[in-house]
$ cat input-v4.cif   # mmCIF, C-alpha atoms and all ligand atoms
data_structure
loop_
_atom_site.group_PDB
_atom_site.id
_atom_site.type_symbol
_atom_site.label_atom_id
_atom_site.label_comp_id
_atom_site.auth_asym_id
_atom_site.auth_seq_id
_atom_site.Cartn_x
_atom_site.Cartn_y
_atom_site.Cartn_z
ATOM 1 C CA MET A 924 12.164 8.739 -2.903
ATOM 2 C CA THR A 925 11.146 6.714 -5.955
ATOM 3 C CA LEU A 926 12.296 3.133 -6.316
ATOM 4 C CA TYR A 927 12.402 0.871 -9.339
ATOM 5 C CA ASP A 928 10.551 -2.396 -9.216
ATOM 6 C CA GLU A 929 10.480 -5.419 -11.445
ATOM 7 C CA GLY A 930 7.368 -5.307 -13.586
ATOM 8 C CA TYR A 931 7.594 -1.564 -14.080
ATOM 9 C CA ALA A 932 8.802 0.394 -17.054
ATOM 10 C CA ARG A 933 8.912 3.883 -18.405
ATOM 11 C CA GLY A 934 6.990 4.751 -21.553
ATOM 12 C CA ALA A 935 9.118 5.006 -24.709
ATOM 13 C CA GLN A 936 8.446 8.743 -25.078
ATOM 14 C CA GLN A 937 8.894 9.368 -21.380
ATOM 15 C CA ALA A 938 12.540 8.870 -20.496
ATOM 16 C CA ASP A 939 12.029 10.714 -17.228
ATOM 17 C CA GLY A 940 8.354 9.941 -16.777
ATOM 18 C CA PRO A 941 6.878 8.159 -13.803
ATOM 19 C CA LEU A 942 7.164 4.395 -13.660
ATOM 20 C CA ARG A 943 4.059 2.466 -14.583
ATOM 21 C CA PRO A 944 3.116 -1.191 -14.325
ATOM 22 C CA VAL A 945 3.483 -3.307 -17.421
ATOM 23 C CA GLY A 946 0.373 -5.099 -18.624
ATOM 24 C CA LEU A 947 -2.085 -3.459 -16.265
ATOM 25 C CA ASP A 948 -4.985 -1.254 -17.247
ATOM 26 C CA VAL A 949 -3.863 2.041 -15.793
ATOM 27 C CA ALA A 950 -3.591 5.560 -17.074
ATOM 28 C CA PRO A 951 -0.088 6.377 -18.372
ATOM 29 C CA GLY A 952 2.197 7.588 -15.637
ATOM 30 C CA ALA A 953 -0.275 6.661 -12.945
ATOM 31 C CA ALA A 954 1.968 4.472 -10.789
ATOM 32 C CA THR A 955 4.591 5.670 -8.363
ATOM 33 C CA THR A 956 6.714 3.719 -5.913
ATOM 34 C CA HIS A 957 7.969 5.246 -2.684
ATOM 35 C CA ALA A 958 10.475 4.033 -0.133
ATOM 36 C CA VAL A 959 9.124 3.326 3.353
ATOM 37 C CA MET A 960 12.294 3.413 5.396
ATOM 38 C CA SER A 961 11.752 6.211 7.909
ATOM 39 C CA GLU A 962 9.136 8.227 9.791
ATOM 40 C CA GLN A 963 9.643 10.979 7.195
ATOM 41 C CA ASP A 964 8.840 8.483 4.406
ATOM 42 C CA LEU A 965 5.562 7.637 6.175
ATOM 43 C CA LEU A 966 4.580 11.307 5.949
ATOM 44 C CA THR A 967 5.643 11.551 2.320
ATOM 45 C CA VAL A 968 3.622 8.452 1.508
ATOM 46 C CA ARG A 969 0.490 9.884 3.126
ATOM 47 C CA HIS A 970 0.729 12.968 0.918
ATOM 48 C CA ALA A 971 1.363 10.912 -2.203
ATOM 49 C CA VAL A 972 -1.627 8.652 -1.524
ATOM 50 C CA ARG A 973 -3.840 11.662 -0.832
ATOM 51 C CA SER A 974 -2.817 13.155 -4.203
ATOM 52 C CA ALA A 975 -3.571 9.902 -6.009
ATOM 53 C CA THR A 976 -7.042 9.687 -4.484
ATOM 54 C CA VAL A 977 -7.757 13.266 -5.555
ATOM 55 C CA GLU A 978 -6.502 12.450 -9.049
ATOM 56 C CA ALA A 979 -8.817 9.418 -9.127
ATOM 57 C CA GLY A 980 -11.798 11.593 -8.179
ATOM 58 C CA PHE A 981 -12.499 10.261 -4.676
ATOM 59 C CA ALA A 982 -14.544 12.389 -2.274
ATOM 60 C CA LEU A 983 -12.949 13.523 0.989
ATOM 61 C CA VAL A 984 -14.183 10.692 3.221
ATOM 62 C CA ASP A 985 -12.942 8.041 0.795
ATOM 63 C CA GLN A 986 -9.648 9.877 0.362
ATOM 64 C CA THR A 987 -9.152 9.621 4.100
ATOM 65 C CA ARG A 988 -10.114 5.916 4.164
ATOM 66 C CA ILE A 989 -7.462 5.122 1.578
ATOM 67 C CA VAL A 990 -4.808 7.333 3.190
ATOM 68 C CA THR A 991 -5.499 5.669 6.543
ATOM 69 C CA ALA A 992 -5.197 2.166 5.073
ATOM 70 C CA ALA A 993 -1.976 3.099 3.258
ATOM 71 C CA SER A 994 -0.580 4.649 6.400
ATOM 72 C CA GLU A 995 -1.225 1.517 8.494
ATOM 73 C CA LEU A 996 0.217 -0.815 5.858
ATOM 74 C CA ALA A 997 3.270 1.394 5.300
ATOM 75 C CA ARG A 998 3.825 1.636 9.053
ATOM 76 C CA ASN A 999 3.695 -2.157 9.300
ATOM 77 C CA ALA A 1000 6.265 -2.497 6.508
ATOM 78 C CA TYR A 1001 8.475 -0.008 8.332
ATOM 79 C CA VAL A 1002 8.028 -1.257 11.912
ATOM 80 C CA HIS A 1003 7.507 -5.022 11.476
ATOM 81 C CA GLY A 1004 9.104 -5.533 8.064
ATOM 82 C CA GLY A 1005 12.248 -3.501 8.604
ATOM 83 C CA GLY A 1006 11.360 -1.091 5.801
ATOM 84 C CA GLY A 1007 9.961 -1.551 2.338
ATOM 85 C CA SER A 1008 8.096 0.262 -0.390
ATOM 86 C CA LEU A 1009 4.628 1.450 -1.326
ATOM 87 C CA THR A 1010 3.415 1.537 -4.905
ATOM 88 C CA ILE A 1011 0.379 3.668 -5.660
ATOM 89 C CA GLU A 1012 -1.591 3.120 -8.851
ATOM 90 C CA VAL A 1013 -4.536 5.102 -10.133
ATOM 91 C CA LEU A 1014 -6.557 2.530 -12.037
ATOM 92 C CA GLY A 1015 -8.008 3.750 -15.305
ATOM 93 C CA HIS A 1016 -11.499 2.351 -15.206
ATOM 94 C CA GLY A 1017 -13.489 5.476 -16.021
ATOM 95 C CA ALA A 1018 -16.540 5.593 -13.799
ATOM 96 C CA ARG A 1019 -14.984 2.747 -11.806
ATOM 97 C CA ALA A 1020 -11.773 4.606 -11.122
ATOM 98 C CA GLY A 1021 -9.848 3.199 -8.214
ATOM 99 C CA VAL A 1022 -6.611 3.296 -6.307
ATOM 100 C CA ARG A 1023 -4.418 0.268 -5.783
ATOM 101 C CA LEU A 1024 -1.829 0.140 -3.003
ATOM 102 C CA ILE A 1025 0.998 -2.389 -3.060
ATOM 103 C CA VAL A 1026 3.070 -2.454 0.121
ATOM 104 C CA ARG A 1027 6.146 -4.683 0.092
ATOM 105 C CA ASP A 1028 8.839 -5.574 2.552
ATOM 106 C CA ASN A 1029 11.535 -8.221 2.828
ATOM 107 C CA GLY A 1030 11.045 -8.684 6.551
ATOM 108 C CA PRO A 1031 10.267 -11.755 8.661
ATOM 109 C CA GLY A 1032 6.827 -12.431 7.141
ATOM 110 C CA ILE A 1033 3.648 -13.159 9.121
ATOM 111 C CA PRO A 1034 3.505 -16.716 10.549
ATOM 112 C CA ASP A 1035 -0.217 -16.612 11.433
ATOM 113 C CA LEU A 1036 -2.089 -14.260 9.111
ATOM 114 C CA GLU A 1037 -5.494 -14.963 10.655
ATOM 115 C CA LYS A 1038 -4.242 -13.848 14.054
ATOM 116 C CA ALA A 1039 -2.484 -10.835 12.550
ATOM 117 C CA LEU A 1040 -5.799 -9.723 11.015
ATOM 118 C CA THR A 1041 -7.594 -10.031 14.359
ATOM 119 C CA ASP A 1042 -8.337 -6.712 16.072
ATOM 120 C CA GLY A 1043 -6.200 -6.180 19.136
ATOM 121 C CA TRP A 1044 -3.643 -8.841 18.232
ATOM 122 C CA THR A 1045 -0.096 -7.499 18.093
ATOM 123 C CA THR A 1046 3.462 -8.715 18.501
ATOM 124 C CA GLY A 1047 4.658 -5.159 19.009
ATOM 125 C CA ALA A 1048 3.789 -2.034 20.886
ATOM 126 C CA GLY A 1049 0.928 -1.023 18.594
ATOM 127 C CA LEU A 1050 -2.810 -1.402 19.111
ATOM 128 C CA GLY A 1051 -3.170 -4.321 16.746
ATOM 129 C CA HIS A 1052 -5.869 -2.694 14.627
ATOM 130 C CA GLY A 1053 -3.761 -1.766 11.599
ATOM 131 C CA LEU A 1054 -3.955 -4.779 9.320
ATOM 132 C CA GLY A 1055 -7.606 -5.667 9.986
ATOM 133 C CA GLY A 1056 -8.557 -2.008 9.867
ATOM 134 C CA ALA A 1057 -6.860 -1.535 6.509
ATOM 135 C CA ARG A 1058 -8.725 -4.558 5.161
ATOM 136 C CA ARG A 1059 -12.068 -3.062 6.211
ATOM 137 C CA LEU A 1060 -11.238 0.276 4.597
ATOM 138 C CA MET A 1061 -10.539 -1.247 1.191
ATOM 139 C CA HIS A 1062 -12.704 -3.219 -1.280
ATOM 140 C CA GLU A 1063 -10.071 -5.759 -2.286
ATOM 141 C CA PHE A 1064 -7.334 -6.946 0.052
ATOM 142 C CA ASP A 1065 -4.693 -9.587 -0.441
ATOM 143 C CA VAL A 1066 -1.745 -10.528 1.761
ATOM 144 C CA ASP A 1067 1.095 -12.561 0.294
ATOM 145 C CA THR A 1068 3.495 -13.396 3.085
ATOM 146 C CA VAL A 1069 6.326 -15.923 3.370
ATOM 147 C CA VAL A 1070 8.068 -16.484 6.677
ATOM 148 C CA GLY A 1071 11.701 -15.485 6.372
ATOM 149 C CA GLN A 1072 11.133 -13.717 3.046
ATOM 150 C CA GLY A 1073 8.680 -10.870 3.475
ATOM 151 C CA THR A 1074 5.188 -9.566 2.988
ATOM 152 C CA THR A 1075 3.299 -7.966 0.126
ATOM 153 C CA VAL A 1076 -0.129 -6.460 0.737
ATOM 154 C CA THR A 1077 -2.208 -5.457 -2.281
ATOM 155 C CA ALA A 1078 -5.372 -3.446 -1.683
ATOM 156 C CA ILE A 1079 -7.835 -1.630 -3.920
ATOM 157 C CA ARG A 1080 -10.630 0.779 -3.227
ATOM 158 C CA TRP A 1081 -13.000 1.584 -6.089
ATOM 159 C CA ASN A 1082 -14.818 4.847 -6.567
ATOM 160 C CA ASN A 1083 -18.608 4.882 -6.948
ATOM 161 C CA ARG A 1084 -19.044 1.672 -5.047
HETATM 162 N N1 LIG B 1 4.644 -6.303 7.196
HETATM 163 C C1 LIG B 1 4.642 -7.111 8.269
HETATM 164 N N2 LIG B 1 5.671 -7.936 8.513
HETATM 165 C C2 LIG B 1 5.676 -8.756 9.596
HETATM 166 N N3 LIG B 1 4.664 -8.820 10.497
HETATM 167 C C3 LIG B 1 3.606 -8.006 10.302
HETATM 168 C C4 LIG B 1 3.532 -7.109 9.187
HETATM 169 N N4 LIG B 1 2.347 -6.469 9.258
HETATM 170 C C5 LIG B 1 1.739 -6.928 10.364
HETATM 171 N N5 LIG B 1 2.485 -7.850 10.988
HETATM 172 C C6 LIG B 1 2.143 -8.607 12.209
HETATM 173 O O1 LIG B 1 0.747 -8.504 12.423
HETATM 174 C C7 LIG B 1 0.486 -7.915 13.706
HETATM 175 C C8 LIG B 1 -0.760 -7.068 13.626
HETATM 176 O O2 LIG B 1 -0.549 -5.931 12.785
HETATM 177 P P1 LIG B 1 -1.414 -4.643 13.057
HETATM 178 O O3 LIG B 1 -2.847 -5.034 13.031
HETATM 179 O O4 LIG B 1 -1.003 -3.569 12.101
HETATM 180 O O5 LIG B 1 -1.034 -4.257 14.543
HETATM 181 P P2 LIG B 1 0.254 -3.512 15.150
HETATM 182 O O6 LIG B 1 1.052 -2.977 14.004
HETATM 183 O O7 LIG B 1 -0.350 -2.447 16.000
HETATM 184 O O8 LIG B 1 0.990 -4.565 15.926
HETATM 185 C C9 LIG B 1 1.754 -7.162 14.044
HETATM 186 O O9 LIG B 1 1.910 -6.998 15.437
HETATM 187 C C10 LIG B 1 2.822 -8.079 13.453
HETATM 188 O O10 LIG B 1 3.085 -9.179 14.292
HETATM 189 MG MG MG B 2 0.262 -1.925 12.471
#

$ encode --input "input-v4.cif" --output "structure tokens" --more "lines below"
Ligand SMILES: Nc1ncnc2c1ncn2[C@@H]1O[C@H](COP(=O)(O)OP(=O)(O)O)[C@@H](O)[C@H]1O
Ligand SMILES: [Mg+2]
Amino acid sequence: MTLYDEGYARGAQQADGPLRPVGLDVAPGAATTHAVMSEQDLLTVRHAVRSATVEAGFALVDQTRIVTAASELARNAYVHGGGGSLTIEVLGHGARAGVRLIVRDNGPGIPDLEKALTDGWTTGAGLGHGLGGARRLMHEFDVDTVVGQGTTVTAIRWNNR
């Protein structure tokens, strides 16, 4: 399922085209936003991220790194955040092509981010390796979380780096 987010618009000649971020250096039509509200959505998201990494020219091992990171972040938004969305952007930087993941939820937020990033630390039934693992798999990683409001994780992996 595709959602609409603030900061996104369709191109003038593309009434039905994919949504793309406004003011960011990306190839036209390169951003898609997917709901993360069910186990089925988690599967759909994995396929969509895989496609984006192929489109961006990543080799198989890097494709899998990015899919794994996206999967962990999406699962967190679903399990801990009560559901959310994942935006996938193929960044248009030529030789420095990359993929940016933005995972949002309006859940409880993360009171102690340092602890949450620590391997083995969990408040749930998981293994506690998701958030820290995702950070290690990506080149840029930012968590914006507000208790009582929600969490947004933005992560980029660049190609040829
Ligand atoms: N989107 C989120 N919203 C609220 N809490 C989160 C979110 N993502 C992670 N957390 C918190 O950080 C902890 C560690 O996350 P993670 O490393 O993925 O381990 P796990 O999901 O196995 O518990 C979680 O147990 C949870 O308390
Ligand atoms: Mg997790």

$ residues_near_ligand --input "input-v4.cif" --ligand "ligand LIG 1 (chain B)" --cutoff "9 Å" --atoms "all atoms listed in the file" --output "ChimeraX atom specification"
/A:995-1007,1026-1036,1038-1057,1068,1070,1073-1076

$ closest_residue --input "input-v4.cif" --among "A:Thr1077, A:Ala954, A:Arg1058, A:Gly1071" --to "ligand MG 2 (chain B)" --atoms "all atoms listed in the file"
A:Arg1058

$ closest_residue --input "input-v4.cif" --among "A:Trp1081, A:Gly1021, A:Met1061, A:Ala993" --to "ligand MG 2 (chain B)" --atoms "all atoms listed in the file"
A:Ala993

$ closest_residue --input "input-v4.cif" --among "A:His1062, A:Ser1008, A:Arg1023, A:Phe981" --to "Asp964 of chain A" --atoms "all atoms listed in the file"
A:Ser1008

$ resolve_selection --input "input-v4.cif" --expression "the PyMOL selection byres (((chain A and resi 969) around 12) and not hetatm)" --output "PyMOL selection string"
chain A and resi 957+959+962-968+970-976+986-998+1009-1011+1024

$ write_last_selection --input "input-v4.cif" --atoms "C-alpha atoms" --output "PDB file, in the frame of the given file"
ATOM      1  CA  HIS A 957       7.969   5.246  -2.684  1.00  0.00           C
ATOM      2  CA  VAL A 959       9.124   3.326   3.353  1.00  0.00           C
ATOM      3  CA  GLU A 962       9.136   8.227   9.791  1.00  0.00           C
ATOM      4  CA  GLN A 963       9.643  10.979   7.195  1.00  0.00           C
ATOM      5  CA  ASP A 964       8.840   8.483   4.406  1.00  0.00           C
ATOM      6  CA  LEU A 965       5.562   7.637   6.175  1.00  0.00           C
ATOM      7  CA  LEU A 966       4.580  11.307   5.949  1.00  0.00           C
ATOM      8  CA  THR A 967       5.643  11.551   2.320  1.00  0.00           C
ATOM      9  CA  VAL A 968       3.622   8.452   1.508  1.00  0.00           C
ATOM     10  CA  HIS A 970       0.729  12.968   0.918  1.00  0.00           C
ATOM     11  CA  ALA A 971       1.363  10.912  -2.203  1.00  0.00           C
ATOM     12  CA  VAL A 972      -1.627   8.652  -1.524  1.00  0.00           C
ATOM     13  CA  ARG A 973      -3.840  11.662  -0.832  1.00  0.00           C
ATOM     14  CA  SER A 974      -2.817  13.155  -4.203  1.00  0.00           C
ATOM     15  CA  ALA A 975      -3.571   9.902  -6.009  1.00  0.00           C
ATOM     16  CA  THR A 976      -7.042   9.687  -4.484  1.00  0.00           C
ATOM     17  CA  GLN A 986      -9.648   9.877   0.362  1.00  0.00           C
ATOM     18  CA  THR A 987      -9.152   9.621   4.100  1.00  0.00           C
ATOM     19  CA  ARG A 988     -10.114   5.916   4.164  1.00  0.00           C
ATOM     20  CA  ILE A 989      -7.462   5.122   1.578  1.00  0.00           C
ATOM     21  CA  VAL A 990      -4.808   7.333   3.190  1.00  0.00           C
ATOM     22  CA  THR A 991      -5.499   5.669   6.543  1.00  0.00           C
ATOM     23  CA  ALA A 992      -5.197   2.166   5.073  1.00  0.00           C
ATOM     24  CA  ALA A 993      -1.976   3.099   3.258  1.00  0.00           C
ATOM     25  CA  SER A 994      -0.580   4.649   6.400  1.00  0.00           C
ATOM     26  CA  GLU A 995      -1.225   1.517   8.494  1.00  0.00           C
ATOM     27  CA  LEU A 996       0.217  -0.815   5.858  1.00  0.00           C
ATOM     28  CA  ALA A 997       3.270   1.394   5.300  1.00  0.00           C
ATOM     29  CA  ARG A 998       3.825   1.636   9.053  1.00  0.00           C
ATOM     30  CA  LEU A1009       4.628   1.450  -1.326  1.00  0.00           C
ATOM     31  CA  THR A1010       3.415   1.537  -4.905  1.00  0.00           C
ATOM     32  CA  ILE A1011       0.379   3.668  -5.660  1.00  0.00           C
ATOM     33  CA  LEU A1024      -1.829   0.140  -3.003  1.00  0.00           C
TER      34      LEU A1024
END

$ atom_distance --input "input-v4.cif" --atom1 "atom CA of Ile1025 of chain A" --atom2 "atom CA of Ile1079 of chain A"
8.9 Å

$ resolve_selection --input "input-v4.cif" --expression "the PyMOL selection byres (((chain A and resi 1082) around 8) and not hetatm)" --output "VMD selection string"
chain A and resid 979 to 981 1018 to 1021 1080 to 1081 1083 to 1084
